[in-house]
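Data first, discussion second: the structure below is written as structure tokens.
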Amino acid sequence: MASIRIPTPLRAYTGGASNIDVSGGTVGEALMNLVEAHPDLRVHLFNDDELRSFVNIFIDDEDIRFMQGLDTEIAASDSLRIIPSIAGGGIIAWRLPEWK
Amino acid sequence: MTVRLGKLLRGRIFEQMEDTYPNEGGGFLLGELEGNSTVIRDIIQVDNVFEEEEQYHRYAMTPQDWMRLEDEADDRGLILVGYYHSHPDSPAVPSEYDREHALPNFLYIITSVEMGQANDMRVWKLRADRSVFDREELEVLEID
């Protein structure tokens, strides 16, 4: 079975485990099996059936977006890693004059 | 839950945020859990990779930054407990953009920088149902 490395903030939903072994012939199947086993992960990884835009899946050092996405085939020896994209931004201040 | 941050580390964040003004700046928080508190042990500055013309109100890191810092935290026996960023001329409260890109169980320290002066730091955490951020108590320690 391939393994998936869970990012630190989501380990609360895998009983603290940082690596989970999953079955599946593609990245999509492996992720579905992961969220079936750990259902609380789903809302943070998927928006309906689409991967959330800030969720990246890497196989070793390769981003699956530059491969075949969720259809990328995987082998039992593969190590997958879920990596959140960190992003943020302020509210334009003149829209909130009351904040002072 | 209380978040504990040493005065020197807070000073380093303020200094960095003032240096990057009028653009947003940020980095990762490495720490430990102690009972009901999270103690920040180190901060790691990370470059803003958002399109340059949007950096005045947007901040982003690469997935490679996350991998590198998560591995570093593991190697040092620490935890990647959160990240910090600035809101130039904007309040230290999470925006809708922040919420859409946030994860639960992760600290979001936001520093407001007004006219180049860092003047307000607040800590937030996303609820597990992703609906809203709750403000966490910040205790600034005299000793790091």
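Chain identifiers are assigned as A, B, and so on, following the order in which chains appear in the structure tokens; residues are numbered from 1 within each chain, and ligands are numbered from 1 in order of appearance.
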field: Residues of chain B within 6 Å of chain A, counting only C-alpha atoms, as a PyMOL selection string
entry: chain B and resi 57-61+63+87+89-90+95+98+105-106
query: Hey, what's within 7 Å of Thr111 in chain B if we count only C-alpha atoms and toss same-chain stuff fewer than 6 positions away? As a ChimeraX atom specification, please?
result: /B:85-87,92,118,120-122
Selection above as a file: all heavy atoms, as a PDB file, in the first residue's frame:
ATOM      1  N   HIS B  85       1.274  36.451   9.635  1.00  0.00           N
ATOM      2  CA  HIS B  85       1.406  37.368   8.506  1.00  0.00           C
ATOM      3  C   HIS B  85       0.879  38.728   8.916  1.00  0.00           C
ATOM      4  O   HIS B  85       0.275  38.873   9.981  1.00  0.00           O
ATOM      5  CB  HIS B  85       0.721  36.835   7.244  1.00  0.00           C
ATOM      6  CG  HIS B  85      -0.781  36.864   7.240  1.00  0.00           C
ATOM      7  ND1 HIS B  85      -1.554  36.037   8.031  1.00  0.00           N
ATOM      8  CD2 HIS B  85      -1.663  37.609   6.527  1.00  0.00           C
ATOM      9  CE1 HIS B  85      -2.829  36.272   7.798  1.00  0.00           C
ATOM     10  NE2 HIS B  85      -2.939  37.229   6.890  1.00  0.00           N
ATOM     11  N   SER B  86       1.134  39.717   8.067  1.00  0.00           N
ATOM     12  CA  SER B  86       0.729  41.082   8.412  1.00  0.00           C
ATOM     13  C   SER B  86      -0.469  41.513   7.576  1.00  0.00           C
ATOM     14  O   SER B  86      -0.714  40.978   6.489  1.00  0.00           O
ATOM     15  CB  SER B  86       1.889  42.051   8.177  1.00  0.00           C
ATOM     16  OG  SER B  86       2.302  42.028   6.833  1.00  0.00           O
ATOM     17  N   HIS B  87      -1.188  42.483   8.106  1.00  0.00           N
ATOM     18  CA  HIS B  87      -2.241  43.177   7.371  1.00  0.00           C
ATOM     19  C   HIS B  87      -1.867  44.667   7.350  1.00  0.00           C
ATOM     20  O   HIS B  87      -2.138  45.385   8.302  1.00  0.00           O
ATOM     21  CB  HIS B  87      -3.602  42.976   8.058  1.00  0.00           C
ATOM     22  CG  HIS B  87      -4.239  41.646   7.803  1.00  0.00           C
ATOM     23  ND1 HIS B  87      -5.482  41.305   8.315  1.00  0.00           N
ATOM     24  CD2 HIS B  87      -3.829  40.583   7.076  1.00  0.00           C
ATOM     25  CE1 HIS B  87      -5.792  40.084   7.912  1.00  0.00           C
ATOM     26  NE2 HIS B  87      -4.807  39.616   7.167  1.00  0.00           N
ATOM     27  N   ALA B  92      -6.116  43.591  12.464  1.00  0.00           N
ATOM     28  CA  ALA B  92      -5.529  42.273  12.751  1.00  0.00           C
ATOM     29  C   ALA B  92      -6.619  41.224  12.937  1.00  0.00           C
ATOM     30  O   ALA B  92      -6.638  40.468  13.904  1.00  0.00           O
ATOM     31  CB  ALA B  92      -4.640  42.358  13.997  1.00  0.00           C
ATOM     32  N   ALA B 118       3.985  48.542  13.281  1.00  0.00           N
ATOM     33  CA  ALA B 118       3.243  47.372  13.770  1.00  0.00           C
ATOM     34  C   ALA B 118       2.631  47.726  15.124  1.00  0.00           C
ATOM     35  O   ALA B 118       3.349  48.134  16.035  1.00  0.00           O
ATOM     36  CB  ALA B 118       4.181  46.179  13.911  1.00  0.00           C
ATOM     37  N   ASP B 120      -0.621  46.086  16.473  1.00  0.00           N
ATOM     38  CA  ASP B 120      -1.630  45.209  17.069  1.00  0.00           C
ATOM     39  C   ASP B 120      -1.362  43.789  16.590  1.00  0.00           C
ATOM     40  O   ASP B 120      -1.182  43.552  15.395  1.00  0.00           O
ATOM     41  CB  ASP B 120      -3.032  45.669  16.633  1.00  0.00           C
ATOM     42  CG  ASP B 120      -4.157  44.940  17.382  1.00  0.00           C
ATOM     43  OD1 ASP B 120      -3.890  44.339  18.448  1.00  0.00           O
ATOM     44  OD2 ASP B 120      -5.301  44.983  16.896  1.00  0.00           O
ATOM     45  N   MET B 121      -1.293  42.842  17.532  1.00  0.00           N
ATOM     46  CA  MET B 121      -1.076  41.433  17.188  1.00  0.00           C
ATOM     47  C   MET B 121      -2.195  40.612  17.824  1.00  0.00           C
ATOM     48  O   MET B 121      -2.462  40.734  19.014  1.00  0.00           O
ATOM     49  CB  MET B 121       0.284  40.961  17.718  1.00  0.00           C
ATOM     50  CG  MET B 121       0.525  39.467  17.507  1.00  0.00           C
ATOM     51  SD  MET B 121       2.113  38.947  18.214  1.00  0.00           S
ATOM     52  CE  MET B 121       3.224  39.367  16.878  1.00  0.00           C
ATOM     53  N   ARG B 122      -2.850  39.799  17.018  1.00  0.00           N
ATOM     54  CA  ARG B 122      -3.916  38.947  17.546  1.00  0.00           C
ATOM     55  C   ARG B 122      -3.747  37.522  17.015  1.00  0.00           C
ATOM     56  O   ARG B 122      -3.224  37.325  15.917  1.00  0.00           O
ATOM     57  CB  ARG B 122      -5.288  39.482  17.140  1.00  0.00           C
ATOM     58  CG  ARG B 122      -5.546  40.888  17.662  1.00  0.00           C
ATOM     59  CD  ARG B 122      -6.948  41.343  17.340  1.00  0.00           C
ATOM     60  NE  ARG B 122      -7.057  42.788  17.556  1.00  0.00           N
ATOM     61  CZ  ARG B 122      -8.181  43.482  17.405  1.00  0.00           C
ATOM     62  NH1 ARG B 122      -9.287  42.863  17.036  1.00  0.00           N
ATOM     63  NH2 ARG B 122      -8.201  44.779  17.622  1.00  0.00           N
TER      64      ARG B 122
END
message: Applying 7 Å and only C-alpha atoms, which residues near Ser23 in chain A remain after dropping the ones on its own chain fewer than 4 positions away? List them as a PyMOL selection string.
response: chain A and resi 1-2+30+33
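Excluding Met115 in chain B itself and same-chain residues fewer than 4 positions from it, the residues having an atom within 10 Å of it are Glu18, Tyr21, Pro22, Pro88, Asp89 and Asn119 of chain B, counting only C-alpha atoms.
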task: Just the residues within 9 Å of Gly25 in chain A, please, counting only C-alpha atoms, with nothing from its chain fewer than 3 positions along; format it as a PyMOL selection string.
output: chain A and resi 28-30+71-76
- request: Find the residue from A:Asn47, A:Ile6, A:Glu62, A:Ser77 that sits nearest to Leu34 in chain A; use only C-alpha atoms when measuring.
  value: A:Ile6
- request: Could you please write out, as a count of residues only, every residue of chain B that DSSP assigns to strand (DSSP E)?
  value: 63
- prompt: Restricting the calculation to only C-alpha atoms, which member of A:Ile4, A:Leu41, A:Leu80, A:Leu70 is positioned closest to Thr26 in chain A?
  reply: A:Leu70
task: Apply DSSP to the structure's backbone, then extract all residues of chain A labelled helix (DSSP H, G or I) and return them as a PyMOL selection string.
output: chain A and resi 8-13+27-37+39-45+64-66+69-71+93-95+97-99
Let's have the selection written as a short mmCIF file (atom, residue, chain, number, x, y, z; two decimals), in the first residue's frame, with N, CA, C and O atoms.
data_model
loop_
_atom_site.label_atom_id
_atom_site.label_comp_id
_atom_site.auth_asym_id
_atom_site.auth_seq_id
_atom_site.Cartn_x
_atom_site.Cartn_y
_atom_site.Cartn_z
N THR A 8 0.61 18.53 9.73
CA THR A 8 0.47 18.61 11.19
C THR A 8 -0.94 18.99 11.66
O THR A 8 -1.50 18.31 12.53
N PRO A 9 -1.57 20.07 11.10
CA PRO A 9 -2.87 20.47 11.66
C PRO A 9 -3.98 19.44 11.46
O PRO A 9 -4.96 19.45 12.19
N LEU A 10 -3.82 18.55 10.48
CA LEU A 10 -4.88 17.58 10.21
C LEU A 10 -4.66 16.25 10.92
O LEU A 10 -5.49 15.35 10.83
N ARG A 11 -3.55 16.14 11.67
CA ARG A 11 -3.29 14.88 12.37
C ARG A 11 -4.29 14.66 13.50
O ARG A 11 -4.45 13.54 13.99
N ALA A 12 -4.98 15.73 13.90
CA ALA A 12 -6.03 15.60 14.92
C ALA A 12 -7.15 14.69 14.43
O ALA A 12 -7.90 14.13 15.23
N TYR A 13 -7.26 14.54 13.10
CA TYR A 13 -8.33 13.73 12.52
C TYR A 13 -7.86 12.33 12.12
O TYR A 13 -8.60 11.57 11.53
N VAL A 27 -4.17 8.40 -7.31
CA VAL A 27 -4.16 9.34 -6.19
C VAL A 27 -5.58 9.56 -5.68
O VAL A 27 -5.84 9.57 -4.47
N GLY A 28 -6.53 9.70 -6.61
CA GLY A 28 -7.93 9.94 -6.22
C GLY A 28 -8.48 8.79 -5.39
O GLY A 28 -9.14 9.01 -4.36
N GLU A 29 -8.20 7.57 -5.82
CA GLU A 29 -8.70 6.40 -5.06
C GLU A 29 -8.06 6.36 -3.68
O GLU A 29 -8.72 6.08 -2.68
N ALA A 30 -6.79 6.66 -3.61
CA ALA A 30 -6.09 6.64 -2.32
C ALA A 30 -6.68 7.69 -1.37
O ALA A 30 -6.91 7.42 -0.18
N LEU A 31 -6.97 8.88 -1.92
CA LEU A 31 -7.55 9.94 -1.06
C LEU A 31 -8.96 9.58 -0.61
O LEU A 31 -9.35 9.85 0.53
N MET A 32 -9.74 8.96 -1.51
CA MET A 32 -11.10 8.54 -1.13
C MET A 32 -11.03 7.50 -0.01
O MET A 32 -11.83 7.53 0.93
N ASN A 33 -10.09 6.58 -0.13
CA ASN A 33 -9.94 5.57 0.93
C ASN A 33 -9.47 6.20 2.23
O ASN A 33 -9.89 5.79 3.32
N LEU A 34 -8.65 7.24 2.11
CA LEU A 34 -8.18 7.95 3.30
C LEU A 34 -9.36 8.62 4.03
O LEU A 34 -9.51 8.49 5.25
N VAL A 35 -10.19 9.36 3.28
CA VAL A 35 -11.29 10.08 3.95
C VAL A 35 -12.41 9.14 4.38
O VAL A 35 -13.17 9.46 5.28
N GLU A 36 -12.48 7.96 3.76
CA GLU A 36 -13.45 6.97 4.23
C GLU A 36 -13.02 6.45 5.61
O GLU A 36 -13.83 6.28 6.51
N ALA A 37 -11.73 6.23 5.75
CA ALA A 37 -11.22 5.74 7.04
C ALA A 37 -11.18 6.85 8.09
O ALA A 37 -11.29 6.58 9.28
N PRO A 39 -13.17 10.19 8.29
CA PRO A 39 -14.17 11.07 7.65
C PRO A 39 -14.04 12.55 7.99
O PRO A 39 -14.41 13.39 7.17
N ASP A 40 -13.50 12.88 9.16
CA ASP A 40 -13.39 14.30 9.51
C ASP A 40 -12.38 15.05 8.64
O ASP A 40 -12.33 16.28 8.66
N LEU A 41 -11.55 14.31 7.92
CA LEU A 41 -10.59 14.95 7.02
C LEU A 41 -11.26 15.55 5.79
O LEU A 41 -10.76 16.52 5.21
N ARG A 42 -12.39 14.95 5.40
CA ARG A 42 -12.98 15.27 4.09
C ARG A 42 -13.18 16.76 3.87
O ARG A 42 -12.74 17.32 2.86
N VAL A 43 -13.85 17.44 4.81
CA VAL A 43 -14.21 18.84 4.59
C VAL A 43 -12.98 19.74 4.43
O VAL A 43 -13.06 20.79 3.80
N HIS A 44 -11.85 19.32 4.95
CA HIS A 44 -10.64 20.14 4.85
C HIS A 44 -9.84 19.85 3.58
O HIS A 44 -8.98 20.63 3.20
N LEU A 45 -10.13 18.73 2.94
CA LEU A 45 -9.41 18.36 1.71
C LEU A 45 -10.24 18.62 0.46
O LEU A 45 -9.71 18.98 -0.58
N ILE A 64 1.02 16.66 -8.15
CA ILE A 64 0.17 15.89 -9.08
C ILE A 64 -0.53 16.80 -10.10
O ILE A 64 -1.01 16.31 -11.12
N ARG A 65 -0.60 18.12 -9.82
CA ARG A 65 -1.23 19.03 -10.80
C ARG A 65 -0.41 19.05 -12.09
O ARG A 65 -0.94 19.38 -13.14
N PHE A 66 0.89 18.71 -11.98
CA PHE A 66 1.73 18.68 -13.17
C PHE A 66 1.89 17.26 -13.69
O PHE A 66 2.73 16.98 -14.54
N GLY A 69 -3.12 14.74 -12.23
CA GLY A 69 -4.06 15.11 -11.17
C GLY A 69 -4.49 13.91 -10.35
O GLY A 69 -3.68 13.00 -10.06
N LEU A 70 -5.77 13.86 -10.00
CA LEU A 70 -6.27 12.75 -9.17
C LEU A 70 -6.22 11.42 -9.93
O LEU A 70 -6.29 10.36 -9.31
N ASP A 71 -6.09 11.48 -11.26
CA ASP A 71 -6.00 10.23 -12.04
C ASP A 71 -4.58 9.69 -12.11
O ASP A 71 -4.34 8.65 -12.73
N ALA A 93 -8.40 48.60 4.12
CA ALA A 93 -8.80 49.33 5.31
C ALA A 93 -9.92 50.34 5.07
O ALA A 93 -10.78 50.51 5.91
N TRP A 94 -9.90 51.01 3.90
CA TRP A 94 -10.90 52.05 3.72
C TRP A 94 -12.31 51.48 3.58
O TRP A 94 -13.28 52.21 3.57
N ARG A 95 -12.39 50.16 3.48
CA ARG A 95 -13.72 49.55 3.47
C ARG A 95 -14.21 49.32 4.89
O ARG A 95 -15.33 48.94 5.12
N PRO A 97 -13.89 51.58 7.92
CA PRO A 97 -13.47 52.75 8.69
C PRO A 97 -13.72 52.60 10.18
O PRO A 97 -13.09 53.26 10.99
N GLU A 98 -14.63 51.68 10.54
CA GLU A 98 -14.99 51.55 11.96
C GLU A 98 -13.97 50.76 12.76
O GLU A 98 -14.07 50.70 13.97
N TRP A 99 -12.93 50.16 12.09
CA TRP A 99 -12.05 49.26 12.84
C TRP A 99 -11.18 49.99 13.84
O TRP A 99 -10.67 49.42 14.78
#
message: Would you pick out the contacts of Ile79 in chain B at 7 Å or less, using only C-alpha atoms, so that residues sharing its chain but fewer than 4 positions from it are not included, and give the list as a PyMOL selection string?
response: chain B and resi 30-32+73-74
Output of the above residues as a PDB file, in the first residue's frame, restricted to N, CA and C atoms:
ATOM      1  N   LEU B  30       6.992  27.736  15.042  1.00  0.00           N
ATOM      2  CA  LEU B  30       7.351  26.416  15.564  1.00  0.00           C
ATOM      3  C   LEU B  30       7.185  26.451  17.077  1.00  0.00           C
ATOM      4  N   GLY B  31       6.586  25.411  17.632  1.00  0.00           N
ATOM      5  CA  GLY B  31       6.349  25.456  19.065  1.00  0.00           C
ATOM      6  C   GLY B  31       6.099  24.102  19.689  1.00  0.00           C
ATOM      7  N   GLU B  32       5.544  24.179  20.888  1.00  0.00           N
ATOM      8  CA  GLU B  32       5.260  22.976  21.671  1.00  0.00           C
ATOM      9  C   GLU B  32       3.917  23.156  22.354  1.00  0.00           C
ATOM     10  N   ALA B  73      10.752  21.213  11.713  1.00  0.00           N
ATOM     11  CA  ALA B  73      10.102  21.120  13.029  1.00  0.00           C
ATOM     12  C   ALA B  73      10.254  19.708  13.591  1.00  0.00           C
ATOM     13  N   ASP B  74       9.987  18.697  12.746  1.00  0.00           N
ATOM     14  CA  ASP B  74      10.130  17.302  13.181  1.00  0.00           C
ATOM     15  C   ASP B  74      11.555  17.033  13.669  1.00  0.00           C
TER      16      ASP B  74
END
query: Can you tell me, as an MDAnalysis selection string, what residues are no more than 9 Å from Leu69 in chain B when counting only C-alpha atoms, ignoring any on the same chain fewer than 2 positions away?
result: chainID B and resid 28 30 44 64:67 71:74 80
Expected file: the selected residues, C-alpha atoms, as an mmCIF file, in the first residue's frame:
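Here's the written file out09.cif:
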data_model
loop_
_atom_site.group_PDB
_atom_site.id
_atom_site.type_symbol
_atom_site.label_atom_id
_atom_site.label_comp_id
_atom_site.auth_asym_id
_atom_site.auth_seq_id
_atom_site.Cartn_x
_atom_site.Cartn_y
_atom_site.Cartn_z
ATOM 1 C CA PHE B 28 5.946 29.895 10.233
ATOM 2 C CA LEU B 30 7.351 26.416 15.564
ATOM 3 C CA ILE B 44 10.892 31.313 10.565
ATOM 4 C CA GLN B 64 7.991 23.531 -0.775
ATOM 5 C CA ASP B 65 8.274 26.028 2.112
ATOM 6 C CA TRP B 66 5.721 23.983 4.056
ATOM 7 C CA MET B 67 7.580 20.702 3.376
ATOM 8 C CA ASP B 71 10.537 18.537 8.254
ATOM 9 C CA GLU B 72 12.651 21.046 10.195
ATOM 10 C CA ALA B 73 10.102 21.120 13.029
ATOM 11 C CA ASP B 74 10.130 17.302 13.181
ATOM 12 C CA LEU B 80 4.559 23.407 13.117
#
